[in-house]
Amino acid sequence: MSSTTPNPLALVAELTHRCPLHCVYCSNPLELTKRENELPTAAWVRVLREAAELGVLQVDFTGGEPLARPDLTELVRAARGAGLYASLITSGLPLDEKRLDELIAAGLDHFQLSFQGAREESAAEFSGTSTHAQKLRVARWVKQRRVGLTFNFVIHRQNLDELEDMVLLAEKIGAGRVEFAHVQYYGWAFENRKRLLPTREQLNRSLEIIKKADERLRGRIRVEYVVPDYYAKYPKACMGGWGRKVLLVKPDGNVLPCHAANVLPGMTFENVQAKPLREIWQESDSFQRYRGEEWMPELCRNCERRTQDFGGCRCQAFLLAHDAAATDPVCTKSSQRSLVDSILAEVNSAPPTAALPPPPDWLYRPNPK
Amino acid sequence: MSTPDSESRPRLAPGCRLNERSQPQRVLLMPERALRLNGPSLEIVERCDGNHTVRQIITELQKIYSKAEPQKVEQDILGYLARLKEQRALDFE
């Protein structure tokens with residue numbers, strides 16, 4: 001057992017892949033887990049306890065839609081019982097005030113509500129459902145109670161021009177925190193990338209809007225912004241480094257170092273039903289594979305940024321360069337940066353978004369059986 | 001960065017709380033982040049309960065850290081509270 005392995009700080013508990021929404025950029029894998037293969041309540045309760053014993057401070061209950069699990073209140077109670085900070089990452093459906101009160105009474109610390117746009121029509125288009133009005137109702141209910149509230153707007157080429165309205169929406173309701181997260185190109189978003197990646201002009205305008213919003217709202221609303229990394233000079237520190245801070249448990253109990261790791265070839269993942277979480281975190285091949293610096297290509301191993309971005313994202317290296325152990329092609333120093341640049345060139349040579357007709361053929365994420 | 005009013009009563013914002021007293025490392029838990037607290041920072045955050053005024057927090061810490069320059073203690077506390085406010089960890093009532 002390696003005594004130098006750091007403790008994870010956060011557990012992402014992906015409770016289910018069932019979801020009332022069908023977002024075209026869903027971060028779930030293309031192959032969704034069926035309901036019958038989901039972990040039972042008792043297994044999740046054990047996972048939460050084992051995570052806390054391993055040093056985890058916070059758990060994010062996510063999915064799919066975690067509210068689709070009837071045992072969510074029990075899991076929140078178990079998380080708090082284990083000493084964890086409990087966040088719910090949700091679309092707000094299906095939820096009523098009674099269930100919200102139960103969740104808060106069970107110890108829910110933080111409620112992160114996802115939005116697909118600032119308006120009903122656009123939100124409906126990207127999520128393949130009509131849910132915006134319900135989200136606004138839920139936001140007001142949460143605001144009336146004493147629990148953390150974050151608005152999470154997933155932004156992309158087709159809704160970036162609504163950014164100012166999104167800021168106003170968060171301000172009007174009074175969220176404590178608002179997160180503008182550019183779509184990351186994995187899973188369903190990778191399939192729909194051409195229509196989602198913003199133009200450089202849009203991106204620059206959005207950065208100005210965010211800067212102004214942050215200055216104006218400072219001390220009232222915490223504004224956070226996740227850039228689309230194709231436009232960055234250096235890669236993101238994906239998950240804070242492979243197997244360094246975060247572990248993710250899938251609906252079926254498989255433990256992954258990140259959301260998208262199941263796209264990587266030749267990787268087998270351990271399951272919480274078969275092994276203790278500590279052993280999986282510290283010793284499993286999947287967590288050891290890209291941990292530390294030994295796996296790094298020479299370019300990364302000799303780079304002073306290796307302790308900041310850890311070589312970037314393994315899944316992105318695989319999706320773009322077909323080599324999971326390559327330097328993330330987003331990196332300007334990478335010989336494969338041209339892969340990213342040619343995608344950007346294509347996006348930026350097209351007419352501006354406003355002149356585009358509505359995209360006719362989204363690939364919507366379905367519901368698992 | 002605005003200095004908090006000395007008669008206001010800071011209180012942890014919704015979604016922010018201290019972890020259990022029994023834990024070896026005390027942290028301020030917040031949405032998507034956690035802040036390690038040691039010594040003075042813990043003394044300050046423990047008093048952000050909506051009952052203590054900023055003035056009372058300063059007076060109490062000046063007693064605990066009586067070897068430090070009182071004015072320095074005051075400045076450090078005001079700076080720290082302002083930073084926590086910017087991070088939306090505190091409301092001032």
# chains A, B, ... in the order shown; residues from 1 in each chain; ligands from 1
$ select_by_dssp --residues "chain B" --states "alpha helix (DSSP H)" --output "count of residues only"
35
$ interface_residues --of "chain B" --to "chain A" --cutoff "7 Å" --atoms "only C-alpha atoms" --output "PyMOL selection string"
chain B and resi 14-15+29+31+85-88
$ write_last_selection --atoms "C-alpha atoms" --output "short mmCIF file (atom, residue, chain, number, x, y, z; two decimals), in the first residue's frame"
data_model
loop_
_atom_site.label_atom_id
_atom_site.label_comp_id
_atom_site.auth_asym_id
_atom_site.auth_seq_id
_atom_site.Cartn_x
_atom_site.Cartn_y
_atom_site.Cartn_z
CA PRO B 14 -26.52 29.33 3.92
CA GLY B 15 -24.56 26.35 2.64
CA LEU B 29 -17.26 23.64 4.40
CA PRO B 31 -20.30 24.76 -1.83
CA LYS B 85 -17.65 37.87 2.70
CA GLU B 86 -16.25 38.04 -0.83
CA GLN B 87 -16.31 34.27 -0.94
CA ARG B 88 -19.97 34.40 0.12
#
$ closest_residue --among "B:Ser2, B:Asp76, B:Glu60, B:Val45" --to "B:Cys16" --atoms "only C-alpha atoms"
B:Val45
$ residues_around --residues "A:Cys331" --least-positions-apart "4" --cutoff "7 Å" --atoms "only C-alpha atoms" --output "list in words"
Lys233, Tyr234, Pro235 and Arg337 of chain A
$ residues_around --residues "A:Val167" --least-positions-apart "2" --cutoff "12 Å" --atoms "only C-alpha atoms" --output "PyMOL selection string"
chain A and resi 115+117-118+151-153+160-165+169-175+177-180+206+209-214+216-217+221-225
$ residues_around --residues "stretch 271-279 of chain A" --least-positions-apart "5" --cutoff "12 Å" --atoms "only C-alpha atoms" --output "short mmCIF file (atom, residue, chain, number, x, y, z; two decimals) with N, CA, C and O atoms, in the first residue's frame"
data_model
loop_
_atom_site.label_atom_id
_atom_site.label_comp_id
_atom_site.auth_asym_id
_atom_site.auth_seq_id
_atom_site.Cartn_x
_atom_site.Cartn_y
_atom_site.Cartn_z
N MET A 1 0.84 -1.20 0.00
CA MET A 1 0.00 0.00 0.00
C MET A 1 0.88 1.25 0.00
O MET A 1 1.86 1.33 0.72
N SER A 2 0.53 2.17 -0.82
CA SER A 2 1.32 3.39 -0.93
C SER A 2 0.93 4.38 0.16
O SER A 2 -0.22 4.78 0.28
N THR A 5 -0.03 8.08 -1.22
CA THR A 5 -1.26 8.39 -1.93
C THR A 5 -2.06 9.43 -1.15
O THR A 5 -2.32 9.24 0.04
N PRO A 6 -2.43 10.54 -1.79
CA PRO A 6 -3.20 11.55 -1.07
C PRO A 6 -4.61 11.06 -0.77
O PRO A 6 -5.10 10.13 -1.41
N ASN A 7 -5.26 11.68 0.21
CA ASN A 7 -6.66 11.34 0.49
C ASN A 7 -7.57 12.08 -0.47
O ASN A 7 -7.34 13.24 -0.76
N PRO A 8 -8.62 11.42 -0.92
CA PRO A 8 -9.59 12.15 -1.75
C PRO A 8 -10.36 13.15 -0.88
O PRO A 8 -10.54 12.92 0.30
N LEU A 11 -16.35 13.09 -3.09
CA LEU A 11 -16.95 11.91 -3.71
C LEU A 11 -18.09 12.38 -4.61
O LEU A 11 -18.97 13.12 -4.15
N ALA A 13 -21.18 11.04 -6.23
CA ALA A 13 -22.05 9.85 -6.15
C ALA A 13 -23.09 9.94 -7.27
O ALA A 13 -24.09 10.64 -7.14
N ASN A 37 -29.66 -2.31 -12.53
CA ASN A 37 -28.26 -2.48 -12.14
C ASN A 37 -27.76 -1.42 -11.15
O ASN A 37 -26.58 -1.37 -10.84
N GLU A 38 -28.68 -0.56 -10.69
CA GLU A 38 -28.27 0.47 -9.73
C GLU A 38 -27.98 -0.13 -8.36
O GLU A 38 -28.65 -1.08 -7.94
N LEU A 39 -27.02 0.46 -7.66
CA LEU A 39 -26.69 0.03 -6.30
C LEU A 39 -27.89 0.19 -5.38
O LEU A 39 -28.60 1.19 -5.46
N PRO A 40 -28.09 -0.77 -4.47
CA PRO A 40 -29.15 -0.61 -3.47
C PRO A 40 -28.75 0.39 -2.38
O PRO A 40 -27.58 0.73 -2.25
N ALA A 42 -28.40 0.21 0.86
CA ALA A 42 -27.42 -0.20 1.87
C ALA A 42 -26.00 -0.08 1.34
O ALA A 42 -25.07 0.30 2.08
N ALA A 43 -25.81 -0.37 0.05
CA ALA A 43 -24.46 -0.28 -0.53
C ALA A 43 -24.00 1.18 -0.57
O ALA A 43 -22.85 1.50 -0.24
N TRP A 44 -24.91 2.08 -0.93
CA TRP A 44 -24.55 3.51 -0.94
C TRP A 44 -24.22 4.00 0.47
O TRP A 44 -23.28 4.79 0.66
N VAL A 45 -25.00 3.55 1.45
CA VAL A 45 -24.74 3.98 2.82
C VAL A 45 -23.33 3.56 3.24
O VAL A 45 -22.58 4.33 3.85
N ARG A 46 -22.95 2.36 2.87
CA ARG A 46 -21.60 1.88 3.19
C ARG A 46 -20.54 2.69 2.45
O ARG A 46 -19.51 3.08 3.01
N VAL A 47 -20.79 3.00 1.17
CA VAL A 47 -19.85 3.79 0.37
C VAL A 47 -19.61 5.17 1.02
O VAL A 47 -18.49 5.65 1.11
N LEU A 48 -20.69 5.77 1.50
CA LEU A 48 -20.58 7.09 2.12
C LEU A 48 -19.72 7.03 3.38
O LEU A 48 -18.86 7.88 3.61
N ARG A 49 -19.92 5.97 4.16
CA ARG A 49 -19.14 5.82 5.39
C ARG A 49 -17.67 5.57 5.05
O ARG A 49 -16.77 6.17 5.63
N GLU A 50 -17.45 4.70 4.08
CA GLU A 50 -16.06 4.39 3.69
C GLU A 50 -15.36 5.63 3.12
O GLU A 50 -14.16 5.83 3.32
N ALA A 51 -16.11 6.43 2.39
CA ALA A 51 -15.53 7.66 1.81
C ALA A 51 -15.09 8.61 2.92
O ALA A 51 -13.99 9.17 2.88
N ALA A 52 -15.96 8.78 3.92
CA ALA A 52 -15.62 9.68 5.03
C ALA A 52 -14.38 9.16 5.76
O ALA A 52 -13.49 9.93 6.13
N GLU A 53 -14.30 7.84 5.94
CA GLU A 53 -13.14 7.26 6.63
C GLU A 53 -11.85 7.46 5.82
O GLU A 53 -10.76 7.49 6.36
N LEU A 54 -12.01 7.61 4.52
CA LEU A 54 -10.86 7.79 3.63
C LEU A 54 -10.42 9.25 3.58
O LEU A 54 -9.40 9.57 2.98
N GLY A 55 -11.18 10.13 4.20
CA GLY A 55 -10.80 11.54 4.25
C GLY A 55 -11.68 12.46 3.43
O GLY A 55 -11.49 13.68 3.43
N VAL A 56 -12.64 11.89 2.71
CA VAL A 56 -13.54 12.71 1.89
C VAL A 56 -14.32 13.68 2.80
O VAL A 56 -14.78 13.29 3.87
N LEU A 247 -13.07 11.06 -6.33
CA LEU A 247 -13.43 9.77 -6.87
C LEU A 247 -14.91 9.76 -7.17
O LEU A 247 -15.70 10.48 -6.55
N LEU A 248 -15.25 8.97 -8.16
CA LEU A 248 -16.62 8.99 -8.65
C LEU A 248 -17.17 7.56 -8.62
O LEU A 248 -16.52 6.64 -9.10
N VAL A 249 -18.33 7.41 -7.99
CA VAL A 249 -18.96 6.09 -7.98
C VAL A 249 -20.17 6.13 -8.91
O VAL A 249 -21.05 6.98 -8.79
N LYS A 250 -20.15 5.22 -9.88
CA LYS A 250 -21.20 5.15 -10.90
C LYS A 250 -22.44 4.47 -10.33
O LYS A 250 -22.38 3.81 -9.29
N PRO A 251 -23.58 4.58 -11.01
CA PRO A 251 -24.83 3.99 -10.50
C PRO A 251 -24.69 2.49 -10.18
O PRO A 251 -25.33 1.99 -9.26
N ASP A 252 -23.85 1.79 -10.93
CA ASP A 252 -23.71 0.34 -10.70
C ASP A 252 -22.61 0.01 -9.70
O ASP A 252 -22.31 -1.17 -9.46
N GLY A 253 -21.96 1.04 -9.13
CA GLY A 253 -20.95 0.79 -8.11
C GLY A 253 -19.52 0.79 -8.62
O GLY A 253 -18.58 0.65 -7.83
N ASN A 254 -19.33 0.94 -9.92
CA ASN A 254 -17.97 1.05 -10.43
C ASN A 254 -17.36 2.37 -9.97
O ASN A 254 -18.04 3.38 -9.92
N VAL A 255 -16.06 2.32 -9.64
CA VAL A 255 -15.39 3.51 -9.12
C VAL A 255 -14.44 4.04 -10.18
O VAL A 255 -13.57 3.31 -10.66
N LEU A 256 -14.61 5.32 -10.54
CA LEU A 256 -13.83 5.92 -11.62
C LEU A 256 -13.10 7.16 -11.13
O LEU A 256 -13.60 7.87 -10.25
N SER A 284 -5.94 0.26 -6.83
CA SER A 284 -6.44 -0.29 -8.09
C SER A 284 -5.65 0.24 -9.28
O SER A 284 -5.13 1.35 -9.27
N ASP A 285 -5.58 -0.60 -10.30
CA ASP A 285 -4.84 -0.25 -11.50
C ASP A 285 -5.40 1.02 -12.14
O ASP A 285 -4.65 1.89 -12.60
N SER A 286 -6.73 1.14 -12.14
CA SER A 286 -7.32 2.31 -12.81
C SER A 286 -6.92 3.62 -12.13
O SER A 286 -6.66 4.61 -12.80
N PHE A 287 -6.85 3.63 -10.80
CA PHE A 287 -6.46 4.86 -10.12
C PHE A 287 -4.95 5.10 -10.18
O PHE A 287 -4.49 6.23 -10.18
N GLN A 288 -4.18 4.00 -10.22
CA GLN A 288 -2.72 4.15 -10.27
C GLN A 288 -2.22 4.54 -11.66
O GLN A 288 -1.17 5.16 -11.79
#
$ select_by_dssp --residues "chain B" --states "strand (DSSP E or B)" --output "PyMOL selection string"
chain B and resi 10-12+17-18+27-30+33-36+49+90-92
$ write_last_selection --atoms "N, CA and C atoms" --output "PDB file, in the first residue's frame"
ATOM      1  N   PRO B  10     -21.636  38.993  12.038  1.00  0.00           N
ATOM      2  CA  PRO B  10     -21.410  38.033  10.952  1.00  0.00           C
ATOM      3  C   PRO B  10     -21.970  36.656  11.297  1.00  0.00           C
ATOM      4  N   ARG B  11     -22.489  36.019  10.283  1.00  0.00           N
ATOM      5  CA  ARG B  11     -23.064  34.689  10.466  1.00  0.00           C
ATOM      6  C   ARG B  11     -22.727  33.881   9.221  1.00  0.00           C
ATOM      7  N   LEU B  12     -22.420  32.611   9.381  1.00  0.00           N
ATOM      8  CA  LEU B  12     -22.098  31.791   8.210  1.00  0.00           C
ATOM      9  C   LEU B  12     -23.288  31.781   7.253  1.00  0.00           C
ATOM     10  N   ARG B  17     -20.743  25.773   6.665  1.00  0.00           N
ATOM     11  CA  ARG B  17     -20.713  25.374   8.084  1.00  0.00           C
ATOM     12  C   ARG B  17     -19.349  24.795   8.443  1.00  0.00           C
ATOM     13  N   LEU B  18     -19.092  24.788   9.738  1.00  0.00           N
ATOM     14  CA  LEU B  18     -17.884  24.136  10.244  1.00  0.00           C
ATOM     15  C   LEU B  18     -18.116  22.637  10.289  1.00  0.00           C
ATOM     16  N   VAL B  27     -12.425  22.420   9.364  1.00  0.00           N
ATOM     17  CA  VAL B  27     -12.548  23.093   8.072  1.00  0.00           C
ATOM     18  C   VAL B  27     -13.881  23.817   7.979  1.00  0.00           C
ATOM     19  N   LEU B  28     -13.878  24.886   7.207  1.00  0.00           N
ATOM     20  CA  LEU B  28     -15.115  25.565   6.868  1.00  0.00           C
ATOM     21  C   LEU B  28     -15.584  24.972   5.545  1.00  0.00           C
ATOM     22  N   LEU B  29     -16.730  24.301   5.590  1.00  0.00           N
ATOM     23  CA  LEU B  29     -17.258  23.644   4.397  1.00  0.00           C
ATOM     24  C   LEU B  29     -18.173  24.606   3.658  1.00  0.00           C
ATOM     25  N   MET B  30     -17.947  24.694   2.350  1.00  0.00           N
ATOM     26  CA  MET B  30     -18.727  25.607   1.511  1.00  0.00           C
ATOM     27  C   MET B  30     -19.062  24.882   0.221  1.00  0.00           C
ATOM     28  N   ARG B  33     -16.127  23.722  -2.071  1.00  0.00           N
ATOM     29  CA  ARG B  33     -14.799  23.976  -1.524  1.00  0.00           C
ATOM     30  C   ARG B  33     -14.777  23.826  -0.013  1.00  0.00           C
ATOM     31  N   ALA B  34     -13.577  23.759   0.516  1.00  0.00           N
ATOM     32  CA  ALA B  34     -13.409  23.670   1.962  1.00  0.00           C
ATOM     33  C   ALA B  34     -12.169  24.472   2.322  1.00  0.00           C
ATOM     34  N   LEU B  35     -12.247  25.178   3.431  1.00  0.00           N
ATOM     35  CA  LEU B  35     -11.159  26.047   3.856  1.00  0.00           C
ATOM     36  C   LEU B  35     -10.615  25.530   5.177  1.00  0.00           C
ATOM     37  N   ARG B  36      -9.329  25.211   5.213  1.00  0.00           N
ATOM     38  CA  ARG B  36      -8.716  24.749   6.449  1.00  0.00           C
ATOM     39  C   ARG B  36      -8.639  25.871   7.463  1.00  0.00           C
ATOM     40  N   ASP B  49     -21.485  33.589  14.453  1.00  0.00           N
ATOM     41  CA  ASP B  49     -22.679  32.818  14.782  1.00  0.00           C
ATOM     42  C   ASP B  49     -23.942  33.671  14.774  1.00  0.00           C
ATOM     43  N   LEU B  90     -20.034  34.492   4.424  1.00  0.00           N
ATOM     44  CA  LEU B  90     -20.620  35.203   5.559  1.00  0.00           C
ATOM     45  C   LEU B  90     -21.735  36.144   5.135  1.00  0.00           C
ATOM     46  N   ASP B  91     -22.752  36.219   6.002  1.00  0.00           N
ATOM     47  CA  ASP B  91     -23.744  37.290   5.919  1.00  0.00           C
ATOM     48  C   ASP B  91     -23.501  38.189   7.126  1.00  0.00           C
ATOM     49  N   PHE B  92     -23.778  39.461   6.972  1.00  0.00           N
ATOM     50  CA  PHE B  92     -23.653  40.394   8.107  1.00  0.00           C
ATOM     51  C   PHE B  92     -25.031  40.889   8.483  1.00  0.00           C
TER      52      PHE B  92
END
